[in-house]
Structures are given as structure tokens and as C-alpha cells.
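The file start.cif comes next; it holds mmCIF, C-alpha atoms.
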```cif
data_work
loop_
_atom_site.label_atom_id
_atom_site.label_comp_id
_atom_site.auth_asym_id
_atom_site.auth_seq_id
_atom_site.Cartn_x
_atom_site.Cartn_y
_atom_site.Cartn_z
CA GLN A 8 11.44 -147.59 6.93
CA LYS A 9 12.77 -149.06 10.17
CA GLU A 10 16.41 -150.15 10.18
CA VAL A 11 15.54 -153.63 11.42
CA GLU A 12 12.04 -155.01 10.94
CA GLN A 13 10.39 -157.98 12.55
CA ASN A 14 6.81 -159.15 12.71
CA SER A 15 5.70 -158.54 16.28
CA GLY A 16 3.57 -161.71 16.35
CA PRO A 17 2.60 -163.54 18.35
CA LEU A 18 3.74 -166.54 16.35
CA SER A 19 1.95 -169.59 17.73
CA VAL A 20 3.28 -173.10 17.08
CA PRO A 21 2.50 -176.46 18.69
CA GLU A 22 5.11 -178.29 20.70
CA GLY A 23 7.48 -180.24 18.44
CA ALA A 24 6.90 -178.03 15.39
CA ILE A 25 9.41 -175.80 13.60
CA ALA A 26 9.18 -172.10 14.44
CA SER A 27 10.39 -169.73 11.74
CA LEU A 28 11.27 -166.17 12.71
CA ASN A 29 12.17 -163.54 10.14
CA CYS A 30 13.98 -160.23 10.08
CA THR A 31 14.86 -157.71 7.37
CA TYR A 32 17.35 -154.87 7.60
CA SER A 33 17.94 -151.74 5.58
CA ASP A 34 21.69 -151.02 5.86
CA ARG A 35 23.64 -152.98 3.23
CA GLY A 36 26.84 -152.18 5.15
CA SER A 37 25.77 -154.32 8.08
CA GLN A 38 28.35 -156.95 8.90
CA SER A 39 27.12 -159.03 11.82
CA PHE A 40 23.76 -160.46 12.73
CA PHE A 41 22.48 -161.77 16.00
CA TRP A 42 19.43 -163.42 17.48
CA TYR A 43 18.62 -162.79 21.11
CA ARG A 44 15.96 -164.45 23.22
CA GLN A 45 14.22 -162.39 25.88
CA TYR A 46 11.88 -163.81 28.48
CA SER A 47 9.33 -161.45 29.96
CA GLY A 48 10.95 -159.13 32.50
CA LYS A 49 14.44 -160.46 31.77
CA SER A 50 17.39 -159.21 29.75
CA PRO A 51 18.25 -160.43 26.22
CA GLU A 52 20.27 -163.63 25.91
CA LEU A 53 22.43 -164.23 22.83
CA ILE A 54 21.47 -167.48 21.11
CA MET A 55 22.96 -167.19 17.61
CA SER A 56 25.37 -165.04 15.64
CA ILE A 57 25.99 -165.19 11.89
CA TYR A 58 28.33 -163.23 9.68
CA SER A 59 28.31 -164.78 6.20
CA ASN A 60 25.63 -165.88 3.76
CA GLY A 61 24.15 -169.29 4.31
CA ASP A 62 23.06 -171.36 7.26
CA LYS A 63 24.55 -171.77 10.69
CA GLU A 64 23.30 -174.51 12.98
CA ASP A 65 23.61 -174.83 16.73
CA GLY A 66 21.57 -177.58 18.32
CA ARG A 67 17.90 -176.97 17.62
CA PHE A 68 18.60 -173.48 16.22
CA THR A 69 19.52 -172.56 12.64
CA ALA A 70 20.26 -169.01 11.58
CA GLN A 71 20.04 -168.13 7.90
CA LEU A 72 21.52 -165.03 6.27
CA ASN A 73 20.94 -163.66 2.79
CA LYS A 74 22.78 -160.36 2.40
CA ALA A 75 21.54 -159.79 -1.16
CA SER A 76 17.95 -159.86 0.10
CA GLN A 77 18.90 -158.22 3.42
CA TYR A 78 17.16 -160.99 5.25
CA VAL A 79 17.96 -162.98 8.38
CA SER A 80 15.93 -165.82 9.80
CA LEU A 81 15.96 -168.14 12.78
CA LEU A 82 14.53 -171.64 12.71
CA ILE A 83 13.79 -173.44 15.95
CA ARG A 84 13.28 -177.17 15.47
CA ASP A 85 11.32 -179.35 17.90
CA SER A 86 9.90 -176.26 19.59
CA GLN A 87 9.37 -176.56 23.34
CA PRO A 88 7.07 -174.55 25.64
CA SER A 89 10.26 -173.21 27.25
CA ASP A 90 11.07 -171.55 23.90
CA SER A 91 8.12 -169.20 24.43
CA ALA A 92 9.74 -165.78 24.57
CA THR A 93 10.38 -162.68 22.48
CA TYR A 94 13.10 -163.12 19.87
CA LEU A 95 15.08 -160.02 19.00
CA CYS A 96 16.98 -159.66 15.75
CA ALA A 97 20.03 -157.40 16.03
CA VAL A 98 22.23 -156.09 13.24
CA GLY A 99 25.77 -154.91 13.88
CA ARG A 100 27.31 -152.04 12.01
CA MET A 101 30.86 -150.78 12.40
CA ASN A 102 30.92 -147.01 12.87
CA THR A 103 34.23 -145.17 13.31
CA GLY A 104 35.88 -148.00 15.19
CA PHE A 105 33.03 -149.38 17.23
CA GLN A 106 30.18 -151.73 16.61
CA LYS A 107 26.65 -150.58 17.32
CA LEU A 108 23.81 -153.08 17.50
CA VAL A 109 20.48 -152.05 16.02
CA PHE A 110 17.59 -154.14 17.28
CA GLY A 111 14.21 -154.92 15.87
CA THR A 112 11.15 -154.73 18.08
CA GLY A 113 11.09 -158.51 18.48
CA THR A 114 8.76 -161.36 17.59
CA ARG A 115 6.82 -163.00 20.37
CA LEU A 116 6.81 -166.80 20.07
CA LEU A 117 4.23 -168.94 21.85
CA VAL A 118 4.74 -172.71 21.91
CA SER A 119 1.69 -174.59 23.09
CA PRO A 120 1.98 -178.04 24.76
CA GLU B 95 34.07 -166.37 34.65
CA THR B 96 31.68 -163.82 36.11
CA GLY B 97 28.89 -162.33 34.03
CA VAL B 98 27.72 -158.74 33.68
CA THR B 99 26.15 -157.37 36.84
CA GLN B 100 24.00 -154.28 37.11
CA SER B 101 22.72 -152.34 40.09
CA PRO B 102 20.21 -151.49 41.28
CA THR B 103 17.63 -153.89 39.82
CA HIS B 104 14.72 -151.52 40.28
CA LEU B 105 14.52 -147.80 40.88
CA ILE B 106 11.74 -145.24 41.20
CA LYS B 107 12.58 -141.58 40.69
CA THR B 108 10.64 -138.35 40.40
CA ARG B 109 10.62 -136.25 37.26
CA GLY B 110 13.51 -133.77 37.30
CA GLN B 111 15.74 -135.88 39.52
CA GLN B 112 19.07 -137.41 38.58
CA VAL B 113 19.96 -141.12 38.57
CA THR B 114 23.14 -143.20 38.38
CA LEU B 115 23.08 -146.79 37.19
CA ARG B 116 26.06 -149.12 37.58
CA CYS B 117 27.51 -152.00 35.59
CA SER B 118 30.36 -154.41 36.17
CA SER B 119 31.51 -155.94 32.91
CA GLN B 120 32.30 -159.59 32.31
CA SER B 121 35.84 -160.67 33.08
CA GLY B 122 38.09 -160.08 30.05
CA HIS B 123 35.73 -157.59 28.43
CA ASN B 124 37.01 -154.04 27.96
CA THR B 125 34.07 -152.47 26.12
CA VAL B 126 30.77 -151.49 27.69
CA SER B 127 27.64 -150.41 25.86
CA TRP B 128 24.43 -149.08 27.35
CA TYR B 129 20.99 -149.63 25.87
CA GLN B 130 17.52 -148.36 26.75
CA GLN B 131 14.58 -150.69 26.23
CA ALA B 132 11.12 -149.17 26.50
CA LEU B 133 8.16 -151.50 27.02
CA GLY B 134 7.35 -153.45 23.86
CA GLN B 135 10.38 -152.12 21.99
CA GLY B 136 13.82 -153.41 21.13
CA PRO B 137 16.86 -152.04 22.96
CA GLN B 138 18.10 -148.67 21.71
CA PHE B 139 21.82 -147.89 21.71
CA ILE B 140 22.77 -145.06 24.08
CA PHE B 141 26.58 -145.08 24.00
CA GLN B 142 29.68 -147.24 24.21
CA TYR B 143 32.88 -146.93 26.23
CA TYR B 144 36.24 -148.44 25.36
CA ARG B 145 39.28 -147.93 27.55
CA GLU B 146 37.51 -145.26 29.59
CA GLU B 147 36.57 -143.15 26.56
CA GLU B 148 33.19 -142.76 24.89
CA ASN B 149 33.71 -144.00 21.33
CA GLY B 150 30.16 -144.07 20.04
CA ARG B 151 26.81 -142.53 20.85
CA GLY B 152 23.22 -143.03 19.74
CA ASN B 153 20.43 -140.47 19.42
CA PHE B 154 20.20 -139.57 23.08
CA PRO B 155 20.46 -136.05 24.53
CA PRO B 156 23.48 -134.87 26.52
CA ARG B 157 21.65 -135.37 29.81
CA PHE B 158 22.54 -139.03 29.29
CA SER B 159 26.20 -139.37 30.19
CA GLY B 160 28.52 -142.10 31.33
CA LEU B 161 31.84 -143.15 32.70
CA GLN B 162 34.06 -146.18 32.41
CA PHE B 163 36.59 -146.94 35.12
CA PRO B 164 40.04 -148.59 34.90
CA ASN B 165 38.54 -151.93 35.95
CA TYR B 166 36.12 -151.57 32.97
CA SER B 167 33.06 -151.10 35.17
CA SER B 168 30.75 -148.33 34.04
CA GLU B 169 28.10 -145.85 35.12
CA LEU B 170 25.17 -144.35 33.26
CA ASN B 171 23.98 -141.00 34.56
CA VAL B 172 20.71 -139.39 33.55
CA ASN B 173 19.95 -135.82 34.59
CA ALA B 174 16.62 -134.00 34.62
CA LEU B 175 14.62 -137.21 34.40
CA GLU B 176 11.53 -137.23 32.20
CA LEU B 177 8.57 -139.60 32.30
CA ASP B 178 9.68 -141.09 28.95
CA ASP B 179 12.97 -142.16 30.54
CA SER B 180 11.03 -144.97 32.24
CA ALA B 181 12.53 -148.12 30.73
CA LEU B 182 14.78 -151.12 31.25
CA TYR B 183 18.41 -150.00 31.06
CA LEU B 184 20.77 -152.67 29.83
CA CYS B 185 24.52 -152.82 30.03
CA ALA B 186 26.36 -155.04 27.55
CA SER B 187 30.02 -155.90 27.68
CA SER B 188 32.27 -157.27 24.97
CA PHE B 189 35.90 -157.54 24.00
CA ARG B 190 36.82 -154.55 21.84
CA GLY B 191 33.21 -154.03 20.74
CA GLY B 192 33.14 -157.21 18.73
CA ASP B 193 30.67 -159.99 18.80
CA GLY B 194 29.57 -161.90 21.86
CA TYR B 195 27.74 -159.05 23.58
CA THR B 196 26.71 -160.21 27.04
CA PHE B 197 23.88 -158.28 28.63
CA GLY B 198 23.45 -157.71 32.32
CA SER B 199 20.12 -158.35 34.01
CA GLY B 200 19.17 -154.70 33.62
CA THR B 201 17.88 -151.89 35.80
CA ARG B 202 14.17 -151.11 35.65
CA LEU B 203 13.79 -147.34 36.03
CA THR B 204 10.38 -145.84 36.68
CA VAL B 205 10.00 -142.05 36.58
CA VAL B 206 6.87 -140.68 38.25
#
```

Let's see the structure in the file written out as C-alpha cells.
Amino acid sequence: QKEVEQNSGPLSVPEGAIASLNCTYSDRGSQSFFWYRQYSGKSPELIMSIYSNGDKEDGRFTAQLNKASQYVSLLIRDSQPSDSATYLCAVGRMNTGFQKLVFGTGTRLLVSP
Amino acid sequence: ETGVTQSPTHLIKTRGQQVTLRCSSQSGHNTVSWYQQALGQGPQFIFQYYREEENGRGNFPPRFSGLQFPNYSSELNVNALELDDSALYLCASSFRGGDGYTFGSGTRLTVV
């Protein structure tokens, strides 16, 4: 079992729709959860962080965390073609005084005009 | 506030050679982490430096080594390059290894 699992996609949605991206993780000791967006050939860009159960909203993005189910999701409302990218889920775990991020393989999102 | 800068942007090396990649961390950040991202994969943690000391390491062999300098900039050194070392190498800086990791633009290493 991979530590962080994501569906590789591609997830195709029309412009204006809601895109729902999902991630599960295996380590119950994980404490911090991040969503990064990565355009082709570019480096990851942090778009959301979440630390406690529930929802966290930032503009068109909502991150959802359910620690009991070991599940993190990202909702993108009013999807735009510019949202087309790979979305990486990362889980942070403290280990002897430092935090290590474990990434999933990413979900590719395609938003069609 | 300056971001994380990495150099060079692209590099081609021959198998068996050695390479040094450089990273300047974001202003105010004292922790630097290095990640390797192979094509189609998520970034994999290599190691982290805090106050010039390595304080965490992933599953990478000793031929991957690093340094952090007093100004918090960092180097990643890879000896005896192998074809599988071809990847995007990412530097991420943060304050005390907490949240808010900021990645640099990366160095694309190709080993032939």
C-alpha cells in the first residue's frame, strides 16, 4: 500500500463545473496536509494546507480533511481552463524534530472550455 | 521578499560523473529540504537541513549528500551518477520545517 494514494486521472471537467480531487493516506500519525498544483515542466505551487478535520475554504478552493477515514479532498469551484494541471496531495509527518512531506503521484485535471 | 532560487535550470551529465545543484532559500526561511521528482511521479524526500545540519533523510544512498551554509543556502551533491538519477530536483525552504514549504523552480538533471 502506498503511503499517499491519488487517482492519476485524467479527471476531465467542463469549464464552470466543480472538480473534486481525492487523496487517501496510510499513516494515522500524519499531522498536516497540503495540496500543490504543478503545471507541466514547472515546480509544485502550494495552494491549500489543512490541519484539522472539516473544511477549509480559500477562494474557489475548498480542502476537506477526515482523519478517521484518512481522507483528504480538494474541491475546485467554477473550474477554469487555467486550472488544468497536476494536483499533488502531500502529507506531513513529524519525525525526530523535522517534518517530511510524503507526496502522492498526483491527479491530472483537464478543464475544457 | 525573494523566493527560492535554484541553479542551474537544466543539466546534462554522463553516467559516473558528479553533480552539484544549488539553492538559495526564501528570505526568513532557515530550513531547506531537497526532493527528487521522476517523470510522472510525486516528489520524493531526499533530506532536510536545519541550521547547517542534516536533520532528516529519506531512502536515498550516501552518494546523495548536501550542505547548508550560514546564509541558509544549500547544495545537493550526487556522486557516481546513474541513469535513474535523471529527474527534476526540487529545493523547498521553510521556517523551522513547518508548513508553508516554498519550492524553487527546480533543476532538470539528465544523465546519459

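Atom pair atom CA of Val98 of chain B / atom CA of Arg44 of chain A: separated by 16.7 Å.
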
query = Applied to this file, what does the PyMOL selection byres ((chain A) within 12 of (chain B)) return in terms of residues, put as a ChimeraX atom specification?
reply = /A:9-13,15-16,38-58,93-115

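Note that the spacing between atom CA of Leu203 of chain B and atom CA of Asp179 of chain B amounts to 7.6 Å.
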
key: Contacts of Leu170 of chain B within 8 Å, only C-alpha atoms, excl. fewer than 3 positions in-chain, as a count of residues only   = 8

Test item: residues at most 8 Å from Leu81 of chain A, only C-alpha atoms, excluding those fewer than 6 positions along its chain, as an MDAnalysis selection string = chainID A and resid 27:29 42 68:71

request  = Using the chain letters and numbering of this document, enumerate as number ranges by chain the residues selected by the PyMOL selection byres ((chain B and resi 109-112) around 8).
outcome  = B: 107-108, 113-114, 171-177, 205-206

key: Local residues around (14.8, -157.9, 7.4), at most 6 Å away, using all atoms listed in the file, as a list in words   =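 Residues satisfying the cut-off, written out: Val11, Glu12, Cys30, Thr31, Tyr32, Gln77 and Tyr78 of chain A.
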
inquiry  = Would you pick out the contacts of Pro120 of chain A at 10 Å or less, using all atoms listed in the file, so that residues sharing its chain but fewer than 6 positions from it are not included, and give the list as a PyMOL selection string?
reply    = chain A and resi 20-23+86-89

ask   = What is the atom CA of Thr99 of chain B to atom CA of Arg67 of chain A distance in Å?
value = 28.7 Å

Minimum-distance residue to Ser121 of chain B, chosen among B:Ser180, B:Phe163, B:Gly97, B:Asn153 (using all atoms listed in the file) =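 Checking each of B:Ser180, B:Phe163, B:Gly97, B:Asn153 against Ser121 of chain B, counting all atoms listed in the file, the winner is B:Gly97.
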
Using the file's own x, y and z axes, so that the box edges lie along x, y and z, what centre and edge lengths in Å (one decimal) does a box around every listed atom of segment 159-164 of chain B get when 4 Å is added on each side? Give it as lines of an AutoDock Vina configuration file.
```
center_x = 33.1
center_y = -144.0
center_z = 32.7
size_x = 21.8
size_y = 17.2
size_z = 12.9
```

Just need segment 21-103 of chain A in a file, please: C-alpha atoms, as a tab-separated table (two decimals), in the first residue's frame.
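Printed below is part.tsv as written:
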```tsv
chain	number	residue	atom	x	y	z
A	21	PRO	CA	-16.14	21.33	-18.35
A	22	GLU	CA	-15.42	24.96	-17.65
A	23	GLY	CA	-17.53	26.25	-14.76
A	24	ALA	CA	-18.02	22.83	-13.16
A	25	ILE	CA	-16.79	21.62	-9.78
A	26	ALA	CA	-13.66	19.45	-9.86
A	27	SER	CA	-13.27	17.01	-6.99
A	28	LEU	CA	-9.84	15.58	-6.28
A	29	ASN	CA	-9.29	12.87	-3.69
A	30	CYS	CA	-6.39	11.51	-1.67
A	31	THR	CA	-6.00	8.80	0.96
A	32	TYR	CA	-3.07	8.26	3.28
A	33	SER	CA	-1.91	5.35	5.39
A	34	ASP	CA	-0.10	6.91	8.38
A	35	ARG	CA	-2.57	7.80	11.14
A	36	GLY	CA	0.16	9.90	12.78
A	37	SER	CA	0.14	12.39	9.92
A	38	GLN	CA	-0.48	15.90	11.14
A	39	SER	CA	-0.52	18.26	8.18
A	40	PHE	CA	-1.98	18.02	4.72
A	41	PHE	CA	-1.26	20.03	1.63
A	42	TRP	CA	-2.43	20.40	-1.93
A	43	TYR	CA	0.05	21.52	-4.54
A	44	ARG	CA	-0.63	22.44	-8.15
A	45	GLN	CA	2.01	21.60	-10.74
A	46	TYR	CA	1.91	22.78	-14.32
A	47	SER	CA	3.78	20.70	-16.87
A	48	GLY	CA	7.52	21.31	-16.62
A	49	LYS	CA	7.14	23.58	-13.59
A	50	SER	CA	7.66	23.14	-9.86
A	51	PRO	CA	4.83	22.49	-7.36
A	52	GLU	CA	2.94	25.50	-6.04
A	53	LEU	CA	1.21	25.34	-2.64
A	54	ILE	CA	-2.49	26.13	-2.96
A	55	MET	CA	-4.02	24.79	0.28
A	56	SER	CA	-2.99	23.50	3.68
A	57	ILE	CA	-5.25	21.89	6.27
A	58	TYR	CA	-4.53	20.55	9.72
A	59	SER	CA	-7.82	19.71	11.43
A	60	ASN	CA	-10.94	17.80	10.46
A	61	GLY	CA	-13.50	19.65	8.43
A	62	ASP	CA	-13.47	22.08	5.56
A	63	LYS	CA	-11.18	24.97	4.77
A	64	GLU	CA	-12.10	27.41	2.03
A	65	ASP	CA	-9.89	29.81	0.12
A	66	GLY	CA	-11.48	31.49	-2.86
A	67	ARG	CA	-12.58	28.85	-5.34
A	68	PHE	CA	-10.73	26.10	-3.45
A	69	THR	CA	-12.03	24.01	-0.54
A	70	ALA	CA	-9.92	21.41	1.21
A	71	GLN	CA	-11.65	18.73	3.25
A	72	LEU	CA	-9.99	16.50	5.84
A	73	ASN	CA	-11.36	13.41	7.55
A	74	LYS	CA	-8.67	11.90	9.78
A	75	ALA	CA	-10.85	8.97	10.87
A	76	SER	CA	-11.19	7.89	7.23
A	77	GLN	CA	-7.64	9.05	6.39
A	78	TYR	CA	-9.01	11.03	3.51
A	79	VAL	CA	-8.25	14.46	2.08
A	80	SER	CA	-10.02	16.12	-0.80
A	81	LEU	CA	-9.81	19.31	-2.82
A	82	LEU	CA	-12.81	20.91	-4.48
A	83	ILE	CA	-12.31	23.50	-7.19
A	84	ARG	CA	-15.45	25.50	-7.91
A	85	ASP	CA	-16.09	27.30	-11.20
A	86	SER	CA	-13.21	25.41	-12.83
A	87	GLN	CA	-11.25	27.36	-15.43
A	88	PRO	CA	-9.05	26.08	-18.28
A	89	SER	CA	-6.13	27.65	-16.39
A	90	ASP	CA	-6.77	25.14	-13.59
A	91	SER	CA	-5.63	22.35	-15.92
A	92	ALA	CA	-2.60	20.92	-14.15
A	93	THR	CA	-1.48	18.03	-11.97
A	94	TYR	CA	-2.62	18.30	-8.37
A	95	LEU	CA	-0.34	16.73	-5.79
A	96	CYS	CA	-1.54	15.70	-2.36
A	97	ALA	CA	1.17	15.85	0.31
A	98	VAL	CA	1.03	14.58	3.86
A	99	GLY	CA	3.33	15.90	6.56
A	100	ARG	CA	4.69	13.74	9.31
A	101	MET	CA	6.91	14.88	12.16
A	102	ASN	CA	9.93	12.62	12.52
A	103	THR	CA	12.52	13.28	15.24
```
